[in-house]
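Pasting start_4.cif here (mmCIF, C-alpha atoms):
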```
data_structure
#
loop_
_atom_site.label_atom_id
_atom_site.label_comp_id
_atom_site.auth_asym_id
_atom_site.auth_seq_id
_atom_site.Cartn_x
_atom_site.Cartn_y
_atom_site.Cartn_z
CA MET A 453 8.44 20.23 0.23
CA ASN A 454 7.27 23.05 -2.02
CA ALA A 455 6.95 26.69 -0.99
CA GLN A 456 3.22 26.44 -0.25
CA SER A 457 3.65 23.35 1.91
CA ALA A 458 6.52 25.01 3.81
CA ALA A 459 4.42 28.13 4.40
CA PHE A 460 1.53 26.01 5.70
CA ALA A 461 3.88 24.09 8.01
CA ASN A 462 5.32 27.30 9.44
CA THR A 463 1.83 28.73 9.94
CA MET A 464 0.67 25.61 11.79
CA LYS A 465 3.84 25.64 13.91
CA ASP A 466 3.30 29.26 14.93
CA THR A 467 -0.40 28.68 15.60
CA LEU A 468 0.05 25.55 17.68
CA GLY A 469 3.01 27.05 19.50
CA ALA A 470 0.79 29.83 20.79
CA ILE A 471 -1.43 27.27 22.55
CA PRO A 472 0.01 26.34 25.97
CA LEU A 473 -0.84 22.65 25.62
CA PHE A 474 0.99 22.29 22.31
CA SER A 475 4.06 24.21 23.54
CA PHE A 476 4.21 22.16 26.76
CA VAL A 477 4.20 18.68 25.19
CA PRO A 478 7.63 17.77 23.75
CA PHE A 479 8.12 16.78 20.13
CA TRP A 480 8.59 13.09 20.87
CA GLY A 481 5.24 13.10 22.65
CA TRP A 482 3.43 14.34 19.56
CA ALA A 483 5.37 11.86 17.43
CA ALA A 484 4.18 9.00 19.66
CA LEU A 485 0.63 10.32 19.55
CA SER A 486 0.77 10.54 15.75
CA ALA A 487 1.97 6.94 15.55
CA PHE A 488 -0.85 5.88 17.88
CA LEU A 489 -3.45 7.67 15.74
CA VAL A 490 -2.11 6.18 12.50
CA ILE A 491 -2.10 2.63 13.84
CA TYR A 492 -5.31 2.67 15.87
CA LEU A 493 -7.42 5.04 13.77
CA LEU A 494 -6.31 4.00 10.27
CA ALA A 495 -4.40 0.73 10.04
CA LEU A 496 -6.30 -1.41 12.55
CA PRO A 497 -9.82 -0.20 11.62
CA PHE A 498 -9.04 -0.74 7.94
CA GLY A 499 -7.84 -4.28 8.62
CA GLY A 500 -11.06 -5.06 10.48
CA LEU A 501 -13.44 -3.40 8.05
CA ALA A 502 -11.63 -4.96 5.09
CA THR A 503 -12.53 -8.43 6.36
CA TYR A 504 -16.20 -7.43 6.43
CA VAL A 505 -16.07 -5.83 2.97
CA GLU A 506 -14.35 -8.84 1.47
CA ARG A 507 -16.99 -11.18 2.90
CA LYS A 508 -19.71 -9.02 1.39
CA ILE A 509 -17.95 -8.94 -2.00
CA ALA A 510 -17.48 -12.71 -1.90
CA ALA A 511 -21.15 -13.17 -1.05
CA ASP A 512 -22.26 -10.98 -3.96
CA ILE A 513 -20.01 -12.81 -6.41
CA GLN A 514 -21.19 -16.21 -5.14
CA ASP A 515 -24.86 -15.15 -4.99
CA ARG A 516 -25.32 -15.42 -1.23
CA ILE A 517 -25.99 -13.01 1.63
CA GLY A 518 -22.79 -12.84 3.67
CA PRO A 519 -22.55 -11.34 7.19
CA ASN A 520 -25.92 -9.92 8.24
CA ARG A 521 -26.45 -10.80 11.91
CA VAL A 522 -24.12 -8.65 14.03
CA GLY A 523 -25.06 -5.00 13.76
CA PRO A 524 -26.81 -3.25 10.83
CA ILE A 525 -26.22 -5.32 7.64
CA GLY A 526 -23.60 -7.23 9.65
CA ILE A 527 -21.14 -4.34 9.80
CA LEU A 528 -20.07 -5.18 13.38
CA GLN A 529 -19.04 -8.70 12.41
CA PHE A 530 -15.35 -7.77 12.46
CA LEU A 531 -15.68 -6.64 16.11
CA ALA A 532 -17.23 -9.98 17.00
CA ASP A 533 -14.36 -11.74 15.23
CA ALA A 534 -11.83 -9.64 17.16
CA VAL A 535 -13.46 -10.57 20.46
CA LYS A 536 -13.48 -14.23 19.42
CA MET A 537 -9.76 -14.17 18.57
CA LEU A 538 -8.87 -12.46 21.84
CA ALA A 539 -10.90 -15.02 23.79
CA LYS A 540 -9.57 -18.15 22.05
CA GLU A 541 -7.00 -20.39 23.70
CA ASP A 542 -3.42 -19.13 23.46
CA PHE A 543 -1.99 -22.36 22.07
CA ILE A 544 1.69 -22.97 21.29
CA PRO A 545 2.75 -26.39 19.92
CA ALA A 546 4.87 -28.46 22.29
CA GLY A 547 7.93 -28.56 20.02
CA ALA A 548 7.70 -24.97 18.80
CA ASP A 549 10.29 -22.26 19.36
CA LYS A 550 8.28 -19.97 21.65
CA PHE A 551 10.39 -16.89 21.04
CA LEU A 552 10.16 -17.10 17.23
CA PHE A 553 6.54 -18.21 17.44
CA ASN A 554 5.62 -15.05 19.36
CA LEU A 555 7.88 -12.74 17.36
CA ALA A 556 6.77 -13.72 13.85
CA PRO A 557 3.25 -12.15 13.77
CA VAL A 558 4.58 -8.98 15.41
CA LEU A 559 7.14 -8.52 12.62
CA VAL A 560 4.40 -8.76 10.00
CA VAL A 561 2.29 -6.08 11.69
CA MET A 562 5.34 -3.88 12.35
CA GLY A 563 6.34 -3.96 8.69
CA THR A 564 2.92 -2.95 7.42
CA CYS A 565 2.09 -0.34 10.07
CA ALA A 566 5.50 1.32 9.78
CA ALA A 567 4.88 1.90 6.07
CA PHE A 568 1.89 4.12 6.90
CA ALA A 569 4.33 6.78 8.16
CA CYS A 570 5.32 7.76 4.61
CA LEU A 571 2.01 7.28 2.79
CA PRO A 572 0.94 10.67 1.31
CA LEU A 573 -2.74 10.76 2.25
CA GLY A 574 -2.78 14.45 1.33
CA GLN A 575 -0.48 17.38 0.74
CA TYR A 576 -0.53 18.11 4.48
CA LEU A 577 -1.22 14.55 5.64
CA ILE A 578 2.17 12.88 5.35
CA GLY A 579 3.57 11.54 8.58
CA ALA A 580 7.21 11.75 7.44
CA ASP A 581 7.89 13.07 3.94
CA ILE A 582 11.52 11.99 4.00
CA ASN A 583 13.76 12.23 0.96
CA ILE A 584 14.01 8.42 0.68
CA GLY A 585 10.32 7.73 1.24
CA VAL A 586 9.96 5.12 -1.52
CA PHE A 587 13.06 3.29 -0.33
CA TYR A 588 11.81 3.43 3.26
CA ILE A 589 8.48 1.82 2.36
CA LEU A 590 10.23 -0.93 0.41
CA ALA A 591 12.62 -1.50 3.33
CA VAL A 592 10.13 -1.71 6.19
CA THR A 593 7.70 -3.93 4.29
CA THR A 594 10.46 -6.52 3.91
CA LEU A 595 9.92 -7.28 7.61
CA ILE A 596 6.95 -9.31 6.41
CA ILE A 597 9.28 -11.88 4.83
CA PRO A 598 11.10 -12.87 8.06
CA GLY A 599 7.74 -12.71 9.85
CA ILE A 600 6.41 -15.45 7.59
CA LEU A 601 9.63 -17.48 7.53
CA LEU A 602 10.15 -17.38 11.28
CA GLY A 603 6.50 -18.28 11.86
CA SER A 604 6.78 -21.34 9.66
CA TRP A 605 10.13 -22.41 11.10
CA GLY A 606 9.19 -21.80 14.73
CA SER A 607 5.96 -23.83 14.42
CA GLN A 608 7.82 -27.15 14.05
CA ASN A 609 5.25 -28.23 11.49
CA LYS A 610 6.22 -29.69 8.13
CA TRP A 611 3.25 -28.15 6.34
CA SER A 612 4.03 -24.76 7.83
CA LEU A 613 7.66 -25.08 6.77
CA LEU A 614 6.54 -25.92 3.24
CA GLY A 615 4.42 -22.77 3.19
CA GLY A 616 7.38 -20.77 4.48
CA LEU A 617 9.65 -22.09 1.74
CA ARG A 618 7.09 -21.19 -0.89
CA ALA A 619 6.85 -17.74 0.69
CA ALA A 620 10.63 -17.30 0.50
CA ALA A 621 10.73 -18.24 -3.17
CA GLN A 622 7.70 -16.14 -4.09
CA ILE A 623 8.19 -12.93 -2.13
CA VAL A 624 11.93 -12.62 -2.74
CA SER A 625 11.46 -13.27 -6.47
CA TYR A 626 8.61 -10.81 -6.93
CA GLU A 627 10.57 -8.07 -5.13
CA ILE A 628 12.56 -7.70 -8.35
CA PRO A 629 9.70 -6.84 -10.77
CA VAL A 630 8.10 -4.67 -8.08
CA SER A 631 11.29 -2.65 -7.62
CA LEU A 632 11.85 -2.40 -11.36
CA SER A 633 8.26 -1.21 -11.85
CA ILE A 634 8.84 1.59 -9.35
CA LEU A 635 11.94 2.85 -11.19
CA PRO A 636 10.05 4.53 -14.11
CA ALA A 637 8.18 6.78 -11.68
CA ILE A 638 11.47 7.67 -9.98
CA LEU A 639 13.13 8.39 -13.34
CA ILE A 640 10.31 10.79 -14.21
CA SER A 641 10.23 12.61 -10.89
CA GLY A 642 13.94 12.50 -10.14
CA THR A 643 13.33 11.91 -6.44
CA LEU A 644 12.48 9.24 -3.87
CA GLN A 645 10.37 11.67 -1.83
CA VAL A 646 6.75 10.56 -2.12
CA GLY A 647 5.38 14.07 -1.54
CA LEU A 648 7.31 15.48 -4.49
CA ILE A 649 6.39 12.52 -6.70
CA VAL A 650 2.69 13.21 -6.10
CA ASP A 651 3.07 16.99 -6.33
CA GLN A 652 4.58 16.78 -9.82
CA GLN A 653 1.52 14.93 -11.11
CA GLY A 654 -0.82 17.91 -10.60
CA TRP A 655 -1.08 18.93 -14.25
CA VAL A 656 -3.91 21.17 -15.48
CA TRP A 657 -4.66 21.78 -19.16
CA GLY A 658 -4.25 25.45 -20.00
CA ALA A 659 -2.53 26.50 -16.76
CA GLU A 660 0.27 29.03 -17.11
CA ASN A 661 2.79 26.89 -15.22
CA ALA A 662 1.70 23.59 -16.75
CA SER A 663 5.23 23.03 -18.01
CA GLN A 664 6.37 22.51 -14.41
CA TYR A 665 3.98 19.59 -13.90
CA HIS A 666 2.88 16.53 -15.80
CA PHE A 667 -0.28 14.45 -15.66
CA TRP A 668 -0.42 11.17 -13.76
CA ASN A 669 2.69 9.05 -14.20
CA ALA A 670 0.56 6.21 -15.56
CA PHE A 671 -0.06 8.37 -18.65
CA HIS A 672 3.36 10.01 -18.85
CA ASN A 673 4.37 7.65 -21.67
CA PRO A 674 3.30 4.21 -22.92
CA PHE A 675 5.94 2.42 -20.82
CA THR A 676 4.74 3.82 -17.49
CA PHE A 677 1.19 2.72 -18.28
CA PHE A 678 2.34 -0.90 -18.37
CA SER A 679 4.64 -0.36 -15.37
CA MET A 680 1.59 0.46 -13.29
CA PHE A 681 -0.01 -2.89 -14.13
CA LEU A 682 3.26 -4.75 -13.48
CA LEU A 683 3.55 -3.04 -10.08
CA PHE A 684 -0.02 -4.00 -9.22
CA THR A 685 0.52 -7.61 -10.33
CA GLY A 686 3.76 -7.90 -8.40
CA GLY A 687 2.03 -6.36 -5.40
CA LEU A 688 -0.58 -9.12 -5.49
CA ALA A 689 2.21 -11.68 -5.22
CA GLU A 690 3.92 -9.71 -2.44
CA THR A 691 0.70 -9.70 -0.41
CA ASN A 692 0.06 -13.42 -0.99
CA ARG A 693 -3.31 -12.77 -2.57
CA ILE A 694 -5.04 -15.03 -5.09
CA PRO A 695 -3.92 -16.03 -7.68
CA PHE A 696 -0.57 -15.88 -5.86
CA ASP A 697 -1.51 -17.31 -2.45
CA LEU A 698 0.97 -20.20 -2.50
CA PRO A 699 2.50 -19.43 0.96
CA GLU A 700 -0.89 -19.40 2.69
CA ALA A 701 -2.80 -21.81 0.43
CA GLU A 702 -5.99 -21.48 2.47
CA SER A 703 -7.91 -23.63 -0.02
CA GLU A 704 -5.82 -26.67 1.05
CA LEU A 705 -6.56 -28.82 4.08
CA VAL A 706 -3.94 -26.84 6.01
CA SER A 707 -3.29 -23.13 5.84
CA GLY A 708 0.40 -23.06 5.04
CA PHE A 709 2.79 -21.03 7.19
CA ASN A 710 0.09 -20.02 9.72
CA THR A 711 -1.34 -23.51 10.33
CA GLU A 712 -0.30 -23.69 14.00
CA PHE A 713 -1.31 -20.13 14.88
CA SER A 714 -4.55 -19.49 16.75
CA GLY A 715 -6.25 -16.66 18.56
CA MET A 716 -4.83 -13.18 18.19
CA ARG A 717 -1.57 -14.42 16.67
CA PHE A 718 -3.59 -15.67 13.71
CA GLY A 719 -5.48 -12.37 13.76
CA LEU A 720 -2.21 -10.42 13.54
CA TYR A 721 -1.28 -12.32 10.38
CA ALA A 722 -4.68 -11.51 8.85
CA LEU A 723 -4.41 -7.88 9.94
CA GLY A 724 -0.95 -7.60 8.42
CA GLU A 725 -2.19 -9.02 5.12
CA PHE A 726 -5.05 -6.56 4.77
CA CYS A 727 -2.90 -3.60 5.82
CA GLU A 728 -0.28 -4.67 3.30
CA VAL A 729 -2.95 -4.68 0.60
CA PHE A 730 -3.77 -1.08 1.51
CA VAL A 731 -0.09 -0.10 1.43
CA MET A 732 0.35 -1.73 -1.97
CA ALA A 733 -2.71 0.03 -3.40
CA ALA A 734 -1.56 3.32 -1.86
CA MET A 735 1.85 2.94 -3.51
CA VAL A 736 0.27 2.40 -6.93
CA THR A 737 -1.92 5.46 -6.32
CA THR A 738 1.06 7.53 -5.21
CA LEU A 739 3.47 6.58 -7.95
CA TYR A 740 1.17 6.30 -10.96
CA LEU A 741 -2.36 7.61 -10.27
CA GLY A 742 -1.66 11.13 -9.06
CA GLY A 743 -2.07 10.51 -5.34
CA TRP A 744 -4.30 13.20 -3.81
CA HIS A 745 -4.73 15.15 -7.07
CA VAL A 746 -8.15 15.57 -8.66
CA PRO A 747 -7.92 14.86 -12.42
CA PHE A 748 -7.17 18.10 -14.33
CA VAL A 749 -8.03 20.19 -11.25
CA ASN A 750 -4.99 21.07 -9.13
CA ILE A 751 -6.65 23.19 -6.47
CA THR A 752 -3.31 24.43 -5.13
CA GLN A 753 -1.84 25.20 -8.57
CA LEU A 754 -4.88 27.18 -9.72
CA GLY A 755 -4.73 29.30 -6.60
CA PHE A 756 -8.26 28.64 -5.34
CA THR A 757 -8.97 30.49 -2.11
CA LEU A 758 -10.37 27.44 -0.35
CA PRO A 759 -9.99 26.93 3.41
CA VAL A 760 -7.08 24.67 4.29
CA GLY A 761 -9.41 22.24 6.05
CA LEU A 762 -11.51 21.83 2.90
CA VAL A 763 -8.40 21.31 0.78
CA ILE A 764 -7.22 18.59 3.17
CA LEU A 765 -10.63 16.89 3.05
CA ILE A 766 -10.77 16.96 -0.77
CA GLN A 767 -7.26 15.57 -1.11
CA LEU A 768 -7.82 12.85 1.48
CA THR A 769 -11.09 11.84 -0.19
CA MET A 770 -9.46 11.64 -3.63
CA PHE A 771 -6.54 9.57 -2.34
CA MET A 772 -8.83 7.16 -0.50
CA VAL A 773 -11.16 6.78 -3.49
CA LYS A 774 -8.29 5.75 -5.76
CA THR A 775 -6.68 3.48 -3.17
CA LEU A 776 -9.89 1.75 -2.09
CA ALA A 777 -10.84 1.20 -5.75
CA LEU A 778 -7.62 -0.77 -6.16
CA VAL A 779 -8.33 -2.66 -2.92
CA PHE A 780 -11.72 -3.61 -4.36
CA VAL A 781 -10.01 -4.97 -7.48
CA VAL A 782 -7.71 -7.06 -5.27
CA MET A 783 -10.73 -8.55 -3.48
CA TRP A 784 -12.58 -9.01 -6.76
CA LEU A 785 -9.70 -11.00 -8.23
CA ARG A 786 -9.56 -13.26 -5.19
CA TRP A 787 -13.06 -14.56 -5.79
CA THR A 788 -12.69 -14.72 -9.57
CA LEU A 789 -9.35 -16.30 -10.51
CA PRO A 790 -7.98 -19.76 -9.66
CA ARG A 791 -4.66 -20.22 -7.88
CA LEU A 792 -1.51 -20.78 -9.95
CA ARG A 793 0.82 -23.73 -9.53
CA VAL A 794 4.22 -22.96 -8.06
CA ASP A 795 6.00 -23.50 -11.40
CA GLN A 796 3.52 -21.22 -13.17
CA LEU A 797 3.99 -18.61 -10.44
CA MET A 798 7.79 -18.56 -10.71
CA GLY A 799 7.70 -18.74 -14.49
CA LEU A 800 5.41 -15.70 -14.64
CA CYS A 801 7.88 -13.78 -12.50
CA TRP A 802 11.20 -14.63 -14.16
CA LYS A 803 10.02 -15.18 -17.74
CA GLY A 804 7.28 -12.56 -17.86
CA LEU A 805 7.31 -9.73 -15.33
CA VAL A 806 11.08 -9.24 -14.97
CA PRO A 807 11.82 -8.88 -18.73
CA LEU A 808 8.79 -6.61 -19.22
CA ALA A 809 9.81 -4.46 -16.25
CA LEU A 810 13.32 -4.08 -17.67
CA VAL A 811 11.86 -3.04 -21.04
CA ASN A 812 9.71 -0.43 -19.29
CA VAL A 813 12.68 1.00 -17.40
CA LEU A 814 14.77 1.23 -20.58
CA GLY A 815 11.85 2.64 -22.58
CA THR A 816 11.14 5.32 -19.96
CA ALA A 817 14.81 6.32 -19.88
CA ILE A 818 14.88 6.66 -23.68
CA TRP A 819 11.63 8.67 -23.63
CA MET A 820 13.05 11.04 -21.02
CA TRP A 821 16.19 11.52 -23.15
CA VAL A 822 14.45 11.99 -26.50
CA PHE A 823 11.61 14.25 -25.32
CA LYS A 824 13.64 16.01 -22.58
CA GLY A 825 11.41 14.79 -19.76
CA GLN A 826 8.13 15.99 -21.27
CA SER A 827 5.07 13.84 -20.80
CA LEU A 828 2.64 12.81 -23.51
CA ALA A 829 0.10 15.30 -22.15
CA GLN A 830 2.63 18.14 -22.28
CA LEU A 831 3.55 17.29 -25.86
CA LEU A 832 -0.11 17.33 -26.88
CA TYR A 833 -0.64 20.61 -25.01
CA ARG A 834 2.19 22.29 -26.89
CA MET A 835 0.99 20.82 -30.16
CA PHE A 836 -2.57 22.14 -29.89
CA SER A 837 -2.01 25.37 -27.91
#
```
Let me see whether you can do it: turn the structure in this file into structure tokens.
Amino acid sequence: MNAQSAAFANTMKDTLGAIPLFSFVPFWGWAALSAFLVIYLLALPFGGLATYVERKIAADIQDRIGPNRVGPIGILQFLADAVKMLAKEDFIPAGADKFLFNLAPVLVVMGTCAAFACLPLGQYLIGADINIGVFYILAVTTLIIPGILLGSWGSQNKWSLLGGLRAAAQIVSYEIPVSLSILPAILISGTLQVGLIVDQQGWVWGAENASQYHFWNAFHNPFTFFSMFLLFTGGLAETNRIPFDLPEAESELVSGFNTEFSGMRFGLYALGEFCEVFVMAAMVTTLYLGGWHVPFVNITQLGFTLPVGLVILIQLTMFMVKTLALVFVVMWLRWTLPRLRVDQLMGLCWKGLVPLALVNVLGTAIWMWVFKGQSLAQLLYRMFS
């Protein structure tokens, strides 16, 4: 946390402490309330609205109307779907493992919602800016893997088991290029703390302290530019989105690992998928697209005397614009590209993404050594100033 963030935190602590209500409620109470607000005001609404947006995007691409009956322009369709899932029969196959069958969807939602705690929505909107934030997000999202595997195994269905095996091969394999694509951003920033990674990308041309910052990591050097695309591609595979939807395979007669799930259990799988898409897009935004920073306008670095509330709103808007733009690309690709075969999928990972990711890590390390950590923008600034 930088000096300005620490000063703001102390000011808020003193201000809230003077209010009897805030001083009476213990810390764990506010932590629980924060978790409730993140899950029920951000994660769950996004998962529901994302289903509506994707249907509208699919309809536009396929030259049809899409949802238009429930609510204005069909915007309440996701609420109708939620009611339908809650009202459907709670069916468990006769030979299924009931404990694993019930546990599997919960693990998927837990893994995705827990990642929201470290997403830097703004300079002052980070639930837990811990010093291993990147590692934490990678760790908690791995709960999705046992959620899919246990769901397929506990269903006692051969088609579900086949989808689970494909999920194991795909997700575990694509963890490697995803992790390697994150390393260049860590090499540049020298930290795993997501707040510091974003803060260092607030570069402004002509600012007196521009040497302390660099522009977005995607443009730090040529290798990081390609690392961003590798991270996004690997993230598509991690989220089981087309063209990498082999575990789910919804275009087949059965739906893969979630074939036997109905009602809200099926809804939890869908919710976890859409929330994971948001987490993946937010990670790309955080690590390579400057997070909450406005391009070339670091409102905190320039010392603008803006109200803190306005600064928070600007930063949140910028972060959401970048993240939702990537989410739109994910949905766009789903209704544009065909699905890969399993051999093509694994070949792309081990023969394509992994070697390229290793080259990007090595190239970034050499760039940092040769140019002493300076970005391409900083070199151009010194050349022309």
Run through the PyMOL selection byres ((chain A and resi 613) around 12) on the given coordinates and return the selected residues as a PDB file with C-alpha atoms, keeping the file's coordinate frame.
```pdb
ATOM      1  CA  ILE A 600       6.410 -15.450   7.590  1.00  0.00           C
ATOM      2  CA  LEU A 601       9.630 -17.480   7.530  1.00  0.00           C
ATOM      3  CA  LEU A 602      10.150 -17.380  11.280  1.00  0.00           C
ATOM      4  CA  GLY A 603       6.500 -18.280  11.860  1.00  0.00           C
ATOM      5  CA  SER A 604       6.780 -21.340   9.660  1.00  0.00           C
ATOM      6  CA  TRP A 605      10.130 -22.410  11.100  1.00  0.00           C
ATOM      7  CA  GLY A 606       9.190 -21.800  14.730  1.00  0.00           C
ATOM      8  CA  SER A 607       5.960 -23.830  14.420  1.00  0.00           C
ATOM      9  CA  GLN A 608       7.820 -27.150  14.050  1.00  0.00           C
ATOM     10  CA  ASN A 609       5.250 -28.230  11.490  1.00  0.00           C
ATOM     11  CA  LYS A 610       6.220 -29.690   8.130  1.00  0.00           C
ATOM     12  CA  TRP A 611       3.250 -28.150   6.340  1.00  0.00           C
ATOM     13  CA  SER A 612       4.030 -24.760   7.830  1.00  0.00           C
ATOM     14  CA  LEU A 614       6.540 -25.920   3.240  1.00  0.00           C
ATOM     15  CA  GLY A 615       4.420 -22.770   3.190  1.00  0.00           C
ATOM     16  CA  GLY A 616       7.380 -20.770   4.480  1.00  0.00           C
ATOM     17  CA  LEU A 617       9.650 -22.090   1.740  1.00  0.00           C
ATOM     18  CA  ARG A 618       7.090 -21.190  -0.890  1.00  0.00           C
ATOM     19  CA  ALA A 619       6.850 -17.740   0.690  1.00  0.00           C
ATOM     20  CA  ALA A 620      10.630 -17.300   0.500  1.00  0.00           C
ATOM     21  CA  PRO A 699       2.500 -19.430   0.960  1.00  0.00           C
ATOM     22  CA  GLU A 700      -0.890 -19.400   2.690  1.00  0.00           C
ATOM     23  CA  VAL A 706      -3.940 -26.840   6.010  1.00  0.00           C
ATOM     24  CA  SER A 707      -3.290 -23.130   5.840  1.00  0.00           C
ATOM     25  CA  GLY A 708       0.400 -23.060   5.040  1.00  0.00           C
ATOM     26  CA  PHE A 709       2.790 -21.030   7.190  1.00  0.00           C
ATOM     27  CA  ASN A 710       0.090 -20.020   9.720  1.00  0.00           C
ATOM     28  CA  THR A 711      -1.340 -23.510  10.330  1.00  0.00           C
ATOM     29  CA  GLU A 712      -0.300 -23.690  14.000  1.00  0.00           C
TER      30      GLU A 712
END
```
Notebook entry, point to check: Mind telling me what the PyMOL selection byres ((chain A and resi 827-830) around 6) catches here, as an MDAnalysis selection string?
Noted result: chainID A and resid 672:673 826 831:833
Given 3 Å on each side, where is the centre and what are the edge lengths in Å to one decimal of the axis-aligned box enclosing the listed atoms of region 819-829 of chain A, as AutoDock Vina command-line options?
```
--center_x 8.1 --center_y 12.3 --center_z -23.1 --size_x 22.1 --size_y 13.3 --size_z 12.7
```
Next item on the list: Identify which of the residues A:Ile597, A:Gly742, A:Ala621, A:Ser633 lies closest to Phe675 (chain A), counting all atoms listed in the file when measuring atom-to-atom distances.
Entry: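 The closest residue to Phe675 (chain A) is A:Ser633.
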Given the file shown, enumerate the residues that the PyMOL selection byres ((chain A and resi 719) around 10) captures and present them as an mmCIF file with C-alpha atoms, in the frame of the given file.
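File written: selection_10.cif
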```cif
data_model
loop_
_atom_site.group_PDB
_atom_site.id
_atom_site.type_symbol
_atom_site.label_atom_id
_atom_site.label_comp_id
_atom_site.auth_asym_id
_atom_site.auth_seq_id
_atom_site.Cartn_x
_atom_site.Cartn_y
_atom_site.Cartn_z
ATOM 1 C CA GLY A 499 -7.840 -4.280 8.620
ATOM 2 C CA GLY A 500 -11.060 -5.060 10.480
ATOM 3 C CA ASP A 533 -14.360 -11.740 15.230
ATOM 4 C CA ALA A 534 -11.830 -9.640 17.160
ATOM 5 C CA LYS A 536 -13.480 -14.230 19.420
ATOM 6 C CA MET A 537 -9.760 -14.170 18.570
ATOM 7 C CA LEU A 538 -8.870 -12.460 21.840
ATOM 8 C CA PRO A 557 3.250 -12.150 13.770
ATOM 9 C CA PHE A 713 -1.310 -20.130 14.880
ATOM 10 C CA SER A 714 -4.550 -19.490 16.750
ATOM 11 C CA GLY A 715 -6.250 -16.660 18.560
ATOM 12 C CA MET A 716 -4.830 -13.180 18.190
ATOM 13 C CA ARG A 717 -1.570 -14.420 16.670
ATOM 14 C CA PHE A 718 -3.590 -15.670 13.710
ATOM 15 C CA LEU A 720 -2.210 -10.420 13.540
ATOM 16 C CA TYR A 721 -1.280 -12.320 10.380
ATOM 17 C CA ALA A 722 -4.680 -11.510 8.850
ATOM 18 C CA LEU A 723 -4.410 -7.880 9.940
ATOM 19 C CA GLY A 724 -0.950 -7.600 8.420
ATOM 20 C CA GLU A 725 -2.190 -9.020 5.120
#
```
Notebook entry, point to check: Quick one, how far is CA of Ile694 (chain A) from CA of Met783 (chain A)?
Noted result: 8.8 Å
Next item on the list: Tell me, as a list in words, which residues lie within 8 Å of Val586 (chain A), counting all atoms listed in the file; anything in the same chain fewer than 2 positions away does not count.
Entry: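 Close residues of Val586 (chain A): Ile584, Tyr588, Ile589, Leu590, Leu644, Gln645 and Val646 of chain A.
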Check: CA of Met770 (chain A) and CA of Ile527 (chain A) are how many Å apart?
Finding: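 Rounded to one decimal, the two atoms are 23.9 Å apart.
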Do you know which residues are at most 10 Å from Leu648 (chain A) counting only C-alpha atoms, after dropping those on the same chain fewer than 3 positions away, and could you put them as a short mmCIF file (atom, residue, chain, number, x, y, z; two decimals) with C-alpha atoms, in the frame of the given file?
```cif
data_model
loop_
_atom_site.label_atom_id
_atom_site.label_comp_id
_atom_site.auth_asym_id
_atom_site.auth_seq_id
_atom_site.Cartn_x
_atom_site.Cartn_y
_atom_site.Cartn_z
CA MET A 453 8.44 20.23 0.23
CA ASN A 454 7.27 23.05 -2.02
CA PRO A 572 0.94 10.67 1.31
CA GLN A 575 -0.48 17.38 0.74
CA ASP A 581 7.89 13.07 3.94
CA ASN A 583 13.76 12.23 0.96
CA SER A 641 10.23 12.61 -10.89
CA GLY A 642 13.94 12.50 -10.14
CA THR A 643 13.33 11.91 -6.44
CA LEU A 644 12.48 9.24 -3.87
CA GLN A 645 10.37 11.67 -1.83
CA ASP A 651 3.07 16.99 -6.33
CA GLN A 652 4.58 16.78 -9.82
CA GLN A 653 1.52 14.93 -11.11
#
```
Contact table region 722-759 of chain A vs region 678-681 of chain A, cut-off 12 Å, shortest pair per residue, only C-alpha atoms, as JSON lines:
```
{"residue": "A:Met732", "atom": "CA", "partner": "A:Met680", "partner_atom": "CA", "distance": 11.6}
{"residue": "A:Ala733", "atom": "CA", "partner": "A:Met680", "partner_atom": "CA", "distance": 10.8}
{"residue": "A:Met735", "atom": "CA", "partner": "A:Met680", "partner_atom": "CA", "distance": 10.1}
{"residue": "A:Val736", "atom": "CA", "partner": "A:Met680", "partner_atom": "CA", "distance": 6.8}
{"residue": "A:Thr737", "atom": "CA", "partner": "A:Met680", "partner_atom": "CA", "distance": 9.3}
{"residue": "A:Thr738", "atom": "CA", "partner": "A:Met680", "partner_atom": "CA", "distance": 10.7}
{"residue": "A:Leu739", "atom": "CA", "partner": "A:Met680", "partner_atom": "CA", "distance": 8.3}
{"residue": "A:Tyr740", "atom": "CA", "partner": "A:Met680", "partner_atom": "CA", "distance": 6.3}
{"residue": "A:Leu741", "atom": "CA", "partner": "A:Met680", "partner_atom": "CA", "distance": 8.7}
{"residue": "A:Gly742", "atom": "CA", "partner": "A:Met680", "partner_atom": "CA", "distance": 11.9}
```
Next item on the list: Excluding Val794 (chain A) and residues on its chain fewer than 2 positions from it, collect all residues at most 9 Å away from it, counting all atoms listed in the file, and give them as a list in words.
Entry: Arg618, Gln622, Phe696, Leu698, Leu792, Gln796, Leu797, Met798 and Gly799 of chain A
